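Text of target.cif, listed as mmCIF, C-alpha atoms (C1' of nucleotides):
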```cif
data_data
#
loop_
_atom_site.label_atom_id
_atom_site.label_comp_id
_atom_site.auth_asym_id
_atom_site.auth_seq_id
_atom_site.Cartn_x
_atom_site.Cartn_y
_atom_site.Cartn_z
CA MET A 1 0.00 0.00 0.00
CA PRO A 2 2.46 2.69 1.09
CA GLN A 3 4.18 3.95 -2.02
CA GLY A 4 7.28 5.65 -0.76
CA LEU A 5 5.81 6.64 2.58
CA PRO A 6 3.48 5.03 5.07
CA MET A 7 -0.04 6.44 4.87
CA ARG A 8 0.28 8.32 8.13
CA GLU A 9 3.23 10.28 6.79
CA LYS A 10 1.51 10.89 3.48
CA ILE A 11 -1.46 12.34 5.32
CA ILE A 12 0.78 14.63 7.34
CA ALA A 13 2.56 15.84 4.21
CA ALA A 14 -0.69 16.54 2.37
CA ALA A 15 -2.27 18.29 5.35
CA GLU A 16 0.85 20.40 5.89
CA LYS A 17 0.74 21.58 2.30
CA ARG A 18 -2.93 22.53 2.62
CA VAL A 19 -2.43 24.40 5.90
CA ARG A 20 0.60 26.24 4.61
CA ASN A 21 -1.37 27.38 1.57
CA ALA A 22 -4.66 28.42 3.09
CA GLY A 23 -4.60 28.09 6.86
CA PHE A 24 -5.78 25.54 9.41
CA PRO A 25 -9.54 26.19 9.21
CA ALA A 26 -9.35 25.85 5.41
CA MET A 27 -7.80 22.38 5.59
CA SER A 28 -10.42 19.63 5.54
CA PHE A 29 -10.31 15.87 6.07
CA ARG A 30 -11.99 15.36 2.72
CA ASP A 31 -9.42 17.34 0.76
CA VAL A 32 -6.51 15.65 2.50
CA ALA A 33 -8.08 12.23 1.96
CA GLN A 34 -8.46 12.94 -1.74
CA ASP A 35 -4.86 14.14 -1.93
CA VAL A 36 -3.54 10.81 -0.65
CA GLY A 37 -6.14 8.61 -2.33
CA ILE A 38 -8.25 7.38 0.58
CA LYS A 39 -11.59 8.31 2.16
CA SER A 40 -12.00 10.89 4.87
CA ALA A 41 -13.14 8.24 7.35
CA SER A 42 -9.76 6.57 6.93
CA VAL A 43 -7.99 9.78 7.79
CA HIS A 44 -9.97 9.80 11.03
CA TYR A 45 -8.56 6.34 11.73
CA HIS A 46 -5.04 7.79 11.82
CA PHE A 47 -6.00 11.13 13.42
CA PRO A 48 -9.26 10.93 15.39
CA THR A 49 -9.77 14.70 15.57
CA LYS A 50 -8.58 17.67 13.56
CA GLU A 51 -6.58 18.87 16.54
CA ASP A 52 -4.71 15.52 16.61
CA LEU A 53 -3.78 16.08 12.99
CA GLY A 54 -2.76 19.66 13.69
CA GLU A 55 -0.43 18.62 16.49
CA ALA A 56 1.12 15.86 14.39
CA LEU A 57 1.68 18.45 11.66
CA LEU A 58 3.52 20.70 14.05
CA ASP A 59 5.61 17.86 15.54
CA SER A 60 6.70 16.77 12.10
CA TYR A 61 7.51 20.30 10.96
CA ILE A 62 9.40 21.24 14.09
CA GLU A 63 11.51 18.08 14.07
CA ARG A 64 12.40 18.56 10.42
CA PHE A 65 13.40 22.16 11.06
CA ARG A 66 15.35 21.20 14.18
CA ALA A 67 17.39 18.70 12.19
CA ARG A 68 18.30 21.33 9.63
CA LEU A 69 19.20 23.82 12.35
CA GLU A 70 21.46 21.33 14.09
CA ALA A 71 23.17 20.58 10.80
CA ILE A 72 24.45 24.16 10.55
CA PRO A 73 28.00 24.51 11.88
CA GLN A 74 28.25 27.41 14.29
CA ASP A 75 31.98 28.01 14.18
CA ASN A 76 31.72 30.86 11.66
CA LEU A 77 29.22 33.51 12.74
CA LYS A 78 28.54 35.10 9.37
CA ALA A 79 28.31 31.80 7.51
CA ALA A 80 26.03 30.32 10.16
CA LEU A 81 23.72 33.31 10.09
CA ASP A 82 23.53 33.17 6.30
CA GLN A 83 22.59 29.49 6.41
CA PHE A 84 20.00 30.20 9.08
CA ILE A 85 18.38 32.83 6.90
CA GLU A 86 18.54 30.48 3.94
CA LEU A 87 16.35 28.00 5.82
CA TYR A 88 13.50 30.50 5.74
CA GLY A 89 13.98 31.30 2.08
CA ASP A 90 14.09 27.63 1.17
CA GLY A 91 10.63 27.08 2.59
CA LEU A 92 9.31 29.94 0.50
CA VAL A 93 10.82 28.95 -2.81
CA MET A 94 10.81 25.16 -2.59
CA ASP A 95 7.42 24.56 -1.10
CA GLU A 96 5.87 27.69 -2.57
CA ALA A 97 4.17 28.06 0.75
CA ILE A 98 4.76 30.03 3.90
CA CYS A 99 6.24 28.74 7.14
CA LEU A 100 3.75 26.47 8.92
CA CYS A 101 4.29 28.33 12.18
CA ALA A 102 3.84 31.73 10.54
CA ILE A 103 0.29 30.88 9.57
CA LEU A 104 -0.47 28.94 12.75
CA GLY A 105 0.91 31.87 14.74
CA ALA A 106 -1.27 34.31 12.83
CA GLU A 107 -4.33 32.15 13.48
CA ALA A 108 -3.31 31.37 17.05
CA LEU A 109 -6.20 33.16 18.75
CA GLY A 110 -8.64 30.73 17.12
CA LEU A 111 -6.60 27.56 17.64
CA PRO A 112 -6.40 24.99 20.48
CA ALA A 113 -3.96 25.80 23.27
CA ASP A 114 -1.87 22.69 22.68
CA MET A 115 -1.20 23.72 19.10
CA ASN A 116 -0.23 27.21 20.22
CA ARG A 117 2.25 25.74 22.69
CA LYS A 118 4.00 23.89 19.90
CA THR A 119 3.97 26.94 17.65
CA ARG A 120 5.57 28.94 20.42
CA ALA A 121 8.15 26.19 20.91
CA PHE A 122 9.12 26.53 17.24
CA PHE A 123 9.82 30.24 17.57
CA GLU A 124 11.73 29.65 20.81
CA MET A 125 13.84 26.94 19.21
CA ASN A 126 14.82 29.36 16.45
CA ALA A 127 15.55 32.27 18.75
CA ASP A 128 17.50 30.04 21.14
CA TRP A 129 19.63 28.76 18.29
CA LEU A 130 20.55 32.32 17.36
CA THR A 131 21.22 33.27 20.96
CA ALA A 132 23.56 30.27 21.29
CA LEU A 133 25.32 31.27 18.06
CA PHE A 134 25.89 34.81 19.31
CA ALA A 135 27.07 33.56 22.71
CA ARG A 136 29.51 31.21 21.00
CA HIS A 137 31.15 34.25 19.45
CA GLY A 138 31.44 36.35 22.56
CA HIS A 139 28.08 38.13 22.58
CA GLU A 140 26.23 36.95 25.66
CA GLU A 141 22.48 37.25 26.14
CA GLU A 142 21.58 38.83 22.83
CA THR A 143 18.06 37.46 23.23
CA ASP A 144 16.27 40.56 21.99
CA LEU A 145 18.28 40.60 18.79
CA SER A 146 17.47 36.91 18.29
CA ILE A 147 13.74 37.40 18.68
CA THR A 148 13.85 40.42 16.40
CA ILE A 149 15.61 38.47 13.65
CA VAL A 150 13.15 35.59 13.87
CA SER A 151 10.27 38.09 13.78
CA ALA A 152 11.74 39.92 10.79
CA LEU A 153 12.15 36.71 8.79
CA GLU A 154 8.68 35.38 9.63
CA GLY A 155 7.20 38.79 8.85
CA ALA A 156 9.11 38.97 5.59
CA ILE A 157 7.63 35.65 4.50
CA ILE A 158 4.15 37.03 5.07
CA VAL A 159 4.77 40.34 3.35
CA ALA A 160 6.34 38.59 0.36
CA SER A 161 3.52 36.08 0.23
CA SER A 162 0.80 38.69 -0.05
CA SER A 163 2.69 40.25 -2.94
CA SER A 164 3.74 37.02 -4.66
CA ASP A 165 7.05 38.87 -4.77
CA ARG A 166 9.99 36.90 -3.49
CA THR A 167 12.37 39.83 -3.87
CA LEU A 168 10.64 41.45 -0.91
CA PHE A 169 11.77 38.55 1.26
CA GLU A 170 15.24 38.74 -0.19
CA LYS A 171 15.57 42.41 0.71
CA VAL A 172 14.92 41.54 4.34
CA ALA A 173 17.18 38.49 4.10
CA ALA A 174 19.97 40.76 2.88
CA THR A 175 19.35 43.40 5.56
CA VAL A 176 19.30 41.08 8.58
CA PRO A 177 23.04 40.22 8.46
CA LEU A 178 23.92 43.92 8.19
CA ILE A 179 21.81 44.66 11.24
CA ALA A 180 23.31 41.76 13.18
CA GLY A 181 26.82 42.80 12.25
CA ARG A 182 26.33 46.38 13.42
CA THR A 183 24.53 45.33 16.59
CA LEU A 184 27.21 42.87 17.58
CA GLY A 185 29.68 45.62 16.95
CA HIS A 186 32.17 44.15 14.56
CA ALA A 187 32.55 43.43 10.88
CA PRO A 188 32.10 39.74 10.03
CA MET B 1 -32.42 51.82 13.68
CA PRO B 2 -28.68 52.32 13.61
CA GLN B 3 -27.58 52.48 17.22
CA GLY B 4 -24.31 54.32 17.09
CA LEU B 5 -23.31 53.10 13.65
CA PRO B 6 -25.14 52.28 10.44
CA MET B 7 -25.58 48.54 9.97
CA ARG B 8 -23.00 48.35 7.21
CA GLU B 9 -20.31 49.69 9.53
CA LYS B 10 -21.40 47.43 12.36
CA ILE B 11 -21.05 44.42 10.07
CA ILE B 12 -17.56 45.50 9.02
CA ALA B 13 -16.51 45.96 12.63
CA ALA B 14 -17.86 42.56 13.68
CA ALA B 15 -16.34 40.79 10.68
CA GLU B 16 -12.98 42.45 11.25
CA LYS B 17 -12.92 41.24 14.82
CA ARG B 18 -13.70 37.68 13.74
CA VAL B 19 -11.06 37.64 10.99
CA ARG B 20 -8.42 39.11 13.25
CA ASN B 21 -9.12 36.44 15.83
CA ALA B 22 -9.35 33.33 13.71
CA GLY B 23 -8.67 34.09 10.05
CA PHE B 24 -10.72 34.74 6.95
CA PRO B 25 -11.96 31.18 6.29
CA ALA B 26 -13.10 30.95 9.91
CA MET B 27 -15.30 34.05 9.63
CA SER B 28 -18.87 33.16 8.66
CA PHE B 29 -21.88 35.25 7.60
CA ARG B 30 -23.93 33.58 10.30
CA ASP B 31 -21.56 34.46 13.12
CA VAL B 32 -21.24 38.04 11.95
CA ALA B 33 -25.02 38.33 11.56
CA GLN B 34 -25.53 37.08 15.10
CA ASP B 35 -22.91 39.53 16.38
CA VAL B 36 -24.83 42.51 15.01
CA GLY B 37 -28.34 41.13 15.62
CA ILE B 38 -29.62 40.42 12.10
CA LYS B 39 -29.94 37.35 9.86
CA SER B 40 -27.18 36.11 7.59
CA ALA B 41 -29.29 36.85 4.51
CA SER B 42 -29.31 40.48 5.54
CA VAL B 43 -25.54 40.51 5.65
CA HIS B 44 -25.62 39.33 2.04
CA TYR B 45 -27.79 42.35 1.24
CA HIS B 46 -24.93 44.64 2.25
CA PHE B 47 -22.12 42.42 0.96
CA PRO B 48 -23.27 40.03 -1.80
CA THR B 49 -20.26 37.73 -1.54
CA LYS B 50 -17.70 36.92 1.11
CA GLU B 51 -15.01 38.46 -1.05
CA ASP B 52 -16.98 41.73 -1.13
CA LEU B 53 -16.99 41.72 2.65
CA GLY B 54 -13.29 40.89 2.75
CA GLU B 55 -12.42 43.82 0.52
CA ALA B 56 -14.58 46.20 2.52
CA LEU B 57 -12.81 44.99 5.64
CA LEU B 58 -9.44 45.79 4.12
CA ASP B 59 -10.54 49.19 2.81
CA SER B 60 -11.82 50.16 6.22
CA TYR B 61 -8.73 48.92 8.04
CA ILE B 62 -6.27 50.52 5.64
CA GLU B 63 -8.00 53.89 5.72
CA ARG B 64 -8.09 53.88 9.51
CA PHE B 65 -4.40 53.02 9.65
CA ARG B 66 -3.54 55.62 7.01
CA ALA B 67 -5.24 58.33 9.04
CA ARG B 68 -3.20 57.40 12.11
CA LEU B 69 0.00 57.33 10.08
CA GLU B 70 -0.67 60.76 8.62
CA ALA B 71 -1.32 62.12 12.08
CA ILE B 72 2.25 61.39 13.16
CA PRO B 73 4.50 64.43 12.81
CA GLN B 74 7.69 63.54 10.98
CA ASP B 75 9.89 66.40 12.11
CA ASN B 76 11.57 64.39 14.87
CA LEU B 77 12.96 61.10 13.60
CA LYS B 78 13.18 59.23 16.89
CA ALA B 79 9.79 60.41 18.15
CA ALA B 80 8.14 59.60 14.84
CA LEU B 81 9.62 56.09 14.76
CA ASP B 82 8.47 55.49 18.33
CA GLN B 83 4.94 56.53 17.46
CA PHE B 84 5.01 54.34 14.37
CA ILE B 85 5.96 51.31 16.43
CA GLU B 86 3.32 52.20 18.97
CA LEU B 87 0.64 51.87 16.26
CA TYR B 88 1.45 48.17 15.99
CA GLY B 89 1.44 47.64 19.73
CA ASP B 90 -1.88 49.45 20.06
CA GLY B 91 -3.57 46.98 17.76
CA LEU B 92 -2.28 44.12 19.86
CA VAL B 93 -3.25 45.41 23.25
CA MET B 94 -6.43 47.36 22.52
CA ASP B 95 -8.16 44.96 20.17
CA GLU B 96 -6.53 41.86 21.64
CA ALA B 97 -6.19 40.68 18.09
CA ILE B 98 -3.46 40.65 15.50
CA CYS B 99 -3.06 43.05 12.61
CA LEU B 100 -5.70 42.33 9.95
CA CYS B 101 -3.05 42.34 7.24
CA ALA B 102 -0.76 40.02 9.18
CA ILE B 103 -3.35 37.26 9.10
CA LEU B 104 -4.56 38.05 5.58
CA GLY B 105 -0.94 38.06 4.46
CA ALA B 106 -0.34 34.70 6.09
CA GLU B 107 -3.41 33.27 4.40
CA ALA B 108 -2.72 35.05 1.11
CA LEU B 109 -2.09 31.94 -0.97
CA GLY B 110 -5.69 30.86 -0.40
CA LEU B 111 -7.34 34.25 -0.84
CA PRO B 112 -8.73 36.13 -3.89
CA ALA B 113 -6.22 38.20 -5.82
CA ASP B 114 -8.07 41.46 -5.19
CA MET B 115 -7.77 40.97 -1.46
CA ASN B 116 -4.07 40.22 -1.76
CA ARG B 117 -3.56 43.43 -3.72
CA LYS B 118 -5.05 45.43 -0.88
CA THR B 119 -3.01 43.55 1.70
CA ARG B 120 0.12 44.31 -0.27
CA ALA B 121 -0.92 47.95 -0.49
CA PHE B 122 -1.09 48.08 3.31
CA PHE B 123 2.48 46.87 3.73
CA GLU B 124 3.65 49.25 1.01
CA MET B 125 1.92 52.17 2.65
CA ASN B 126 3.74 51.43 5.90
CA ALA B 127 7.14 50.91 4.30
CA ASP B 128 6.71 54.04 2.17
CA TRP B 129 5.89 56.08 5.26
CA LEU B 130 9.12 54.94 6.89
CA THR B 131 11.13 55.57 3.73
CA ALA B 132 9.74 59.11 3.56
CA LEU B 133 10.59 59.65 7.21
CA PHE B 134 14.18 58.54 6.70
CA ALA B 135 14.51 60.66 3.54
CA ARG B 136 13.22 63.68 5.43
CA HIS B 137 16.17 63.34 7.76
CA GLY B 138 18.85 62.99 5.16
CA HIS B 139 18.84 59.24 4.60
CA GLU B 140 17.73 58.68 1.02
CA GLU B 141 16.38 55.41 -0.35
CA GLU B 142 16.48 53.35 2.83
CA THR B 143 13.80 51.09 1.40
CA ASP B 144 15.32 47.82 2.58
CA LEU B 145 15.49 49.06 6.15
CA SER B 146 11.85 50.15 5.90
CA ILE B 147 10.64 46.77 4.66
CA THR B 148 12.71 45.03 7.32
CA ILE B 149 11.18 47.12 10.09
CA VAL B 150 7.63 46.49 8.86
CA SER B 151 8.42 42.76 8.60
CA ALA B 152 9.90 42.67 12.08
CA LEU B 153 6.86 44.35 13.63
CA GLU B 154 4.35 42.17 11.79
CA GLY B 155 6.38 39.09 12.65
CA ALA B 156 6.59 40.15 16.28
CA ILE B 157 2.81 40.39 16.47
CA ILE B 158 2.53 36.83 15.24
CA VAL B 159 5.20 35.44 17.54
CA ALA B 160 3.69 37.20 20.53
CA SER B 161 0.21 36.06 19.59
CA SER B 162 1.12 32.38 19.55
CA SER B 163 2.59 32.80 23.02
CA SER B 164 -0.09 35.06 24.46
CA ASP B 165 2.98 36.91 25.68
CA ARG B 166 2.96 40.60 24.91
CA THR B 167 6.48 41.11 26.29
CA LEU B 168 7.80 39.24 23.24
CA PHE B 169 6.39 41.99 21.04
CA GLU B 170 7.78 44.64 23.31
CA LYS B 171 11.29 43.22 23.06
CA VAL B 172 11.16 43.63 19.29
CA ALA B 173 9.54 47.05 19.64
CA ALA B 174 12.45 48.12 21.82
CA THR B 175 15.08 46.64 19.50
CA VAL B 176 13.82 48.21 16.25
CA PRO B 177 14.79 51.82 17.15
CA LEU B 178 18.28 50.68 18.17
CA ILE B 179 18.70 48.94 14.82
CA ALA B 180 17.38 51.96 12.91
CA GLY B 181 19.68 54.29 14.81
CA ARG B 182 22.77 52.23 14.11
CA THR B 183 21.87 51.65 10.45
CA LEU B 184 21.21 55.33 9.76
CA GLY B 185 24.29 56.28 11.71
CA HIS B 186 26.41 54.26 9.33
CA ALA B 187 24.67 55.53 6.20
CA PRO B 188 26.73 57.61 3.74
"C1'" DT C 1 -52.34 67.29 -2.17
"C1'" DG C 2 -52.97 62.47 -2.94
"C1'" DT C 3 -51.61 58.56 -5.37
"C1'" DA C 4 -48.35 55.52 -7.52
"C1'" DT C 5 -43.85 53.86 -7.68
"C1'" DT C 6 -39.36 52.78 -6.23
"C1'" DC C 7 -35.85 52.01 -2.83
"C1'" DT C 8 -34.03 50.44 1.64
"C1'" DA C 9 -33.29 47.14 4.90
"C1'" DC C 10 -34.51 43.61 6.58
"C1'" DC C 11 -37.18 38.89 6.96
"C1'" DT C 12 -38.26 33.46 6.33
"C1'" DA C 13 -37.24 29.51 3.99
"C1'" DT C 14 -34.44 26.92 1.43
"C1'" DC C 15 -30.66 25.39 -1.69
"C1'" DG C 16 -26.60 22.30 -2.71
"C1'" DA C 17 -22.17 21.66 -0.83
"C1'" DT C 18 -19.27 20.65 2.70
"C1'" DA C 19 -17.69 20.45 7.62
"C1'" DG C 20 -16.01 17.05 11.39
"C1'" DG C 21 -17.16 12.82 13.05
"C1'" DT C 22 -19.14 7.81 13.78
"C1'" DA C 23 -20.67 2.76 13.14
"C1'" DG C 24 -20.01 -1.29 11.24
"C1'" DA C 25 -18.66 -4.30 7.30
"C1'" DC C 26 -14.75 -6.05 4.76
"C1'" DA C 27 -10.15 -7.50 3.52
"C1'" DA C 28 -5.51 -8.20 4.40
"C1'" DT C 29 -1.70 -9.41 7.47
"C1'" DT C 30 0.05 -11.70 11.50
"C1'" DA D 1 -8.19 -15.86 15.60
"C1'" DA D 2 -6.81 -11.25 16.22
"C1'" DT D 3 -5.19 -6.99 14.69
"C1'" DT D 4 -4.70 -3.39 11.27
"C1'" DG D 5 -6.22 -0.51 7.75
"C1'" DT D 6 -9.64 0.92 4.67
"C1'" DC D 7 -14.12 0.85 3.08
"C1'" DT D 8 -19.38 2.18 2.54
"C1'" DA D 9 -22.82 4.62 4.46
"C1'" DC D 10 -24.45 7.75 7.29
"C1'" DC D 11 -25.03 11.48 10.95
"C1'" DT D 12 -25.70 16.42 12.52
"C1'" DA D 13 -24.19 20.99 11.93
"C1'" DT D 14 -22.85 24.57 9.23
"C1'" DC D 15 -21.20 26.83 5.04
"C1'" DG D 16 -22.06 30.63 1.32
"C1'" DA D 17 -25.66 31.93 -1.41
"C1'" DT D 18 -30.40 32.58 -3.43
"C1'" DA D 19 -35.50 33.22 -3.89
"C1'" DG D 20 -39.29 35.61 -2.68
"C1'" DG D 21 -41.62 38.56 0.36
"C1'" DT D 22 -42.66 42.75 3.47
"C1'" DA D 23 -42.94 47.15 6.15
"C1'" DG D 24 -41.72 51.67 5.83
"C1'" DA D 25 -39.32 55.65 4.03
"C1'" DA D 26 -38.38 58.39 0.08
"C1'" DT D 27 -39.40 60.01 -4.51
"C1'" DA D 28 -42.15 61.18 -8.74
"C1'" DC D 29 -46.06 62.46 -10.85
"C1'" DA D 30 -51.13 63.97 -11.42
#
```

Written as structure tokens, how would this file's structure read?
Amino acid sequence: MPQGLPMREKIIAAAEKRVRNAGFPAMSFRDVAQDVGIKSASVHYHFPTKEDLGEALLDSYIERFRARLEAIPQDNLKAALDQFIELYGDGLVMDEAICLCAILGAEALGLPADMNRKTRAFFEMNADWLTALFARHGHEEETDLSITIVSALEGAIIVASSSSDRTLFEKVAATVPLIAGRTLGHAP
Amino acid sequence: MPQGLPMREKIIAAAEKRVRNAGFPAMSFRDVAQDVGIKSASVHYHFPTKEDLGEALLDSYIERFRARLEAIPQDNLKAALDQFIELYGDGLVMDEAICLCAILGAEALGLPADMNRKTRAFFEMNADWLTALFARHGHEEETDLSITIVSALEGAIIVASSSSDRTLFEKVAATVPLIAGRTLGHAP
DNA sequence: TGTATTCTACCTATCGATAGGTAGACAATT
DNA sequence: AATTGTCTACCTATCGATAGGTAGAATACA
């Protein structure tokens, strides 16, 4: 049955795509079922409620992102920051969709608390990674700069998305390293 | 019959609140109708389709924001920037909801093109205001900095919203002026 | 002025489509 | 035989949207 992936993973992938393109309320069991070639009742077998599916979506996304973060060597500050920023751009251009947590964060006020906790954890993971990078290079406790960079990149994805204009994201992506360099007080 | 506001404006206000709390797909004619005390068919009388209502929402929001932007005196750079940032924080704390264009931007890939054009126009209006402010004080063509600041503030609203933690927004709000100051200080 | 007409702002009732979710049969694997 | 996965068939609730009607205010005409 599973061609390439087990059904559970196929469902998660299809649901993620739908959420990242239109939001959580706009993703339906029927659409996802059709995407993977089964009936909606069978999706309920794997994920009893929509919230279950939403949490699985977040777990999968966060773990994938964590793996890519941990794969970035932190020994060169400038290079590491560039690769970090590239992660955000990759999601935009490869998946032609916005960051899962950008849309789930925007819709947070209407979502279950458990999903919001995971969304928050995603942003924290990203900011903590930056804070650790800065600390590694002699800049302790630059937490505000970290949060600001994560915010700028997530915001840039949204601004670019509404315009279908990727260059808007790239302008922010190019500005963030300049800002970081000046804030940390030395040329890279 | 109109208590305080004409019905059309009451509908727009109610619909805006719903969209800013849960997203465009999650806003329904029935809920809005109940909010203002009429039937859903009567909402269709004022706004034939959901897209019509969505565009009216954006028009109203953008004009309100434009008025507040134009009310900020630009003769003092630091004071003007502070007031600009305060506009974003006001939306968060007063309405206890995120920026309308933050959520419509996040959901853009699943929305009608005409709505996306208006959402884009909102971001442009904000970035253009900042660019004009910087130009007024001798820093020409700082468009990338402007877009980055708008992105950071919109992103901060989203990050803070998922955490129900307003201090996260305030950290970014405090960092943005420092960044602007250093960037403009280094400008040619 | 009085009458006829149109417009405004709602109503009830209903449409087909779709939402999330459930029960139980069926087939395959172990 | 038991478990796993998917199916058909169905549920209730709700979606956006439409049809057709109505009371009252405004407008046009004699």

Residues picked by the PyMOL selection byres ((chain C) within 12 of (chain B)) here, as a ChimeraX atom specification?
-> /C:8-14,19

Residues returned when the PyMOL selection byres ((chain D) within 9 of (chain B)) runs on this file, as a CSV table (one decimal) with C-alpha atoms (C1' of nucleotides), in the coordinates of the input:
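Generated file (part.csv):
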```csv
chain,number,residue,atom,x,y,z
D,15,DC,C1',-21.2,26.8,5.0
D,16,DG,C1',-22.1,30.6,1.3
D,17,DA,C1',-25.7,31.9,-1.4
```

Chain B contacts to chain A at 7 Å (all atoms listed in the file) as a PDB file with C-alpha atoms, in the coordinates of the input:
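Below you can see part.pdb, which holds the result:
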```pdb
ATOM      1  CA  ASN B  21      -9.120  36.440  15.830  1.00  0.00           C
ATOM      2  CA  ALA B  22      -9.350  33.330  13.710  1.00  0.00           C
ATOM      3  CA  GLY B  23      -8.670  34.090  10.050  1.00  0.00           C
ATOM      4  CA  PRO B  25     -11.960  31.180   6.290  1.00  0.00           C
ATOM      5  CA  ALA B  26     -13.100  30.950   9.910  1.00  0.00           C
ATOM      6  CA  ALA B 102      -0.760  40.020   9.180  1.00  0.00           C
ATOM      7  CA  ILE B 103      -3.350  37.260   9.100  1.00  0.00           C
ATOM      8  CA  GLY B 105      -0.940  38.060   4.460  1.00  0.00           C
ATOM      9  CA  ALA B 106      -0.340  34.700   6.090  1.00  0.00           C
ATOM     10  CA  GLU B 107      -3.410  33.270   4.400  1.00  0.00           C
ATOM     11  CA  ALA B 108      -2.720  35.050   1.110  1.00  0.00           C
ATOM     12  CA  LEU B 109      -2.090  31.940  -0.970  1.00  0.00           C
ATOM     13  CA  GLY B 110      -5.690  30.860  -0.400  1.00  0.00           C
ATOM     14  CA  ASN B 116      -4.070  40.220  -1.760  1.00  0.00           C
ATOM     15  CA  THR B 119      -3.010  43.550   1.700  1.00  0.00           C
ATOM     16  CA  ARG B 120       0.120  44.310  -0.270  1.00  0.00           C
ATOM     17  CA  PHE B 123       2.480  46.870   3.730  1.00  0.00           C
ATOM     18  CA  ASP B 144      15.320  47.820   2.580  1.00  0.00           C
ATOM     19  CA  LEU B 145      15.490  49.060   6.150  1.00  0.00           C
ATOM     20  CA  ILE B 147      10.640  46.770   4.660  1.00  0.00           C
ATOM     21  CA  THR B 148      12.710  45.030   7.320  1.00  0.00           C
ATOM     22  CA  SER B 151       8.420  42.760   8.600  1.00  0.00           C
ATOM     23  CA  ALA B 152       9.900  42.670  12.080  1.00  0.00           C
ATOM     24  CA  GLU B 154       4.350  42.170  11.790  1.00  0.00           C
ATOM     25  CA  GLY B 155       6.380  39.090  12.650  1.00  0.00           C
ATOM     26  CA  ALA B 156       6.590  40.150  16.280  1.00  0.00           C
ATOM     27  CA  ILE B 158       2.530  36.830  15.240  1.00  0.00           C
ATOM     28  CA  VAL B 159       5.200  35.440  17.540  1.00  0.00           C
ATOM     29  CA  SER B 161       0.210  36.060  19.590  1.00  0.00           C
ATOM     30  CA  SER B 162       1.120  32.380  19.550  1.00  0.00           C
ATOM     31  CA  SER B 163       2.590  32.800  23.020  1.00  0.00           C
ATOM     32  CA  LYS B 171      11.290  43.220  23.060  1.00  0.00           C
ATOM     33  CA  VAL B 172      11.160  43.630  19.290  1.00  0.00           C
ATOM     34  CA  THR B 175      15.080  46.640  19.500  1.00  0.00           C
ATOM     35  CA  ILE B 179      18.700  48.940  14.820  1.00  0.00           C
ATOM     36  CA  ARG B 182      22.770  52.230  14.110  1.00  0.00           C
TER      37      ARG B 182
END
```

Got a sec to resolve the PyMOL selection byres ((chain D and resi 7-12) around 9) on this structure and send the residues as a CSV table (one decimal) with C-alpha atoms (C1' of nucleotides), in the coordinates of the input?
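Now in selection15.csv:
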```
chain,number,residue,atom,x,y,z
A,39,LYS,CA,-11.6,8.3,2.2
A,41,ALA,CA,-13.1,8.2,7.4
A,42,SER,CA,-9.8,6.6,6.9
C,21,DG,C1',-17.2,12.8,13.0
C,22,DT,C1',-19.1,7.8,13.8
C,23,DA,C1',-20.7,2.8,13.1
C,25,DA,C1',-18.7,-4.3,7.3
C,26,DC,C1',-14.8,-6.0,4.8
D,6,DT,C1',-9.6,0.9,4.7
D,13,DA,C1',-24.2,21.0,11.9
```

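Nearest-residue note for Leu58 in chain A: choosing from A:Leu81, A:Ala132, A:Ile12, A:Val32, the minimum distance belongs to A:Ile12, counting only C-alpha atoms.
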
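Those residues that approach Asp82 in chain B to within 12 Å, counting only C-alpha atoms (C1' of nucleotides), are Leu69, Ile72, Pro73, Gln74, Asn76, Leu77, Lys78, Ala79, Ala80, Phe84, Ile85, Glu86, Leu87, Tyr88, Gly89, Leu130, Glu170, Ala173, Ala174, Thr175, Val176, Pro177, Leu178, Ala180 and Gly181 of chain B; same-chain residues fewer than 2 positions away are not listed.
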
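Put simply, CA of Glu51 in chain B is 20.6 Å away from CA of Pro6 in chain B.
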
For DT5 in chain C, work out the shell of residues within 10 Å, counting only C-alpha atoms (C1' of nucleotides) and skipping chain neighbours fewer than 2 positions away, then give it as a VMD selection string.
-> (chain C and resid 3 7) or (chain D and resid 27 to 29)

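For the pair CA of Gly37 in chain B and C1' of DC15 in chain C, the separation is 23.5 Å.
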
Hey, can you check how far CA of Lys10 in chain B sits from CA of Val36 in chain B?
-> 6.6 Å

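Of the residues under consideration (B:Asp75, B:Gln34, B:Asn126, B:Gln83), B:Asn126 shows the shortest atom-to-atom contact distance to Glu63 in chain B when counting all atoms listed in the file.
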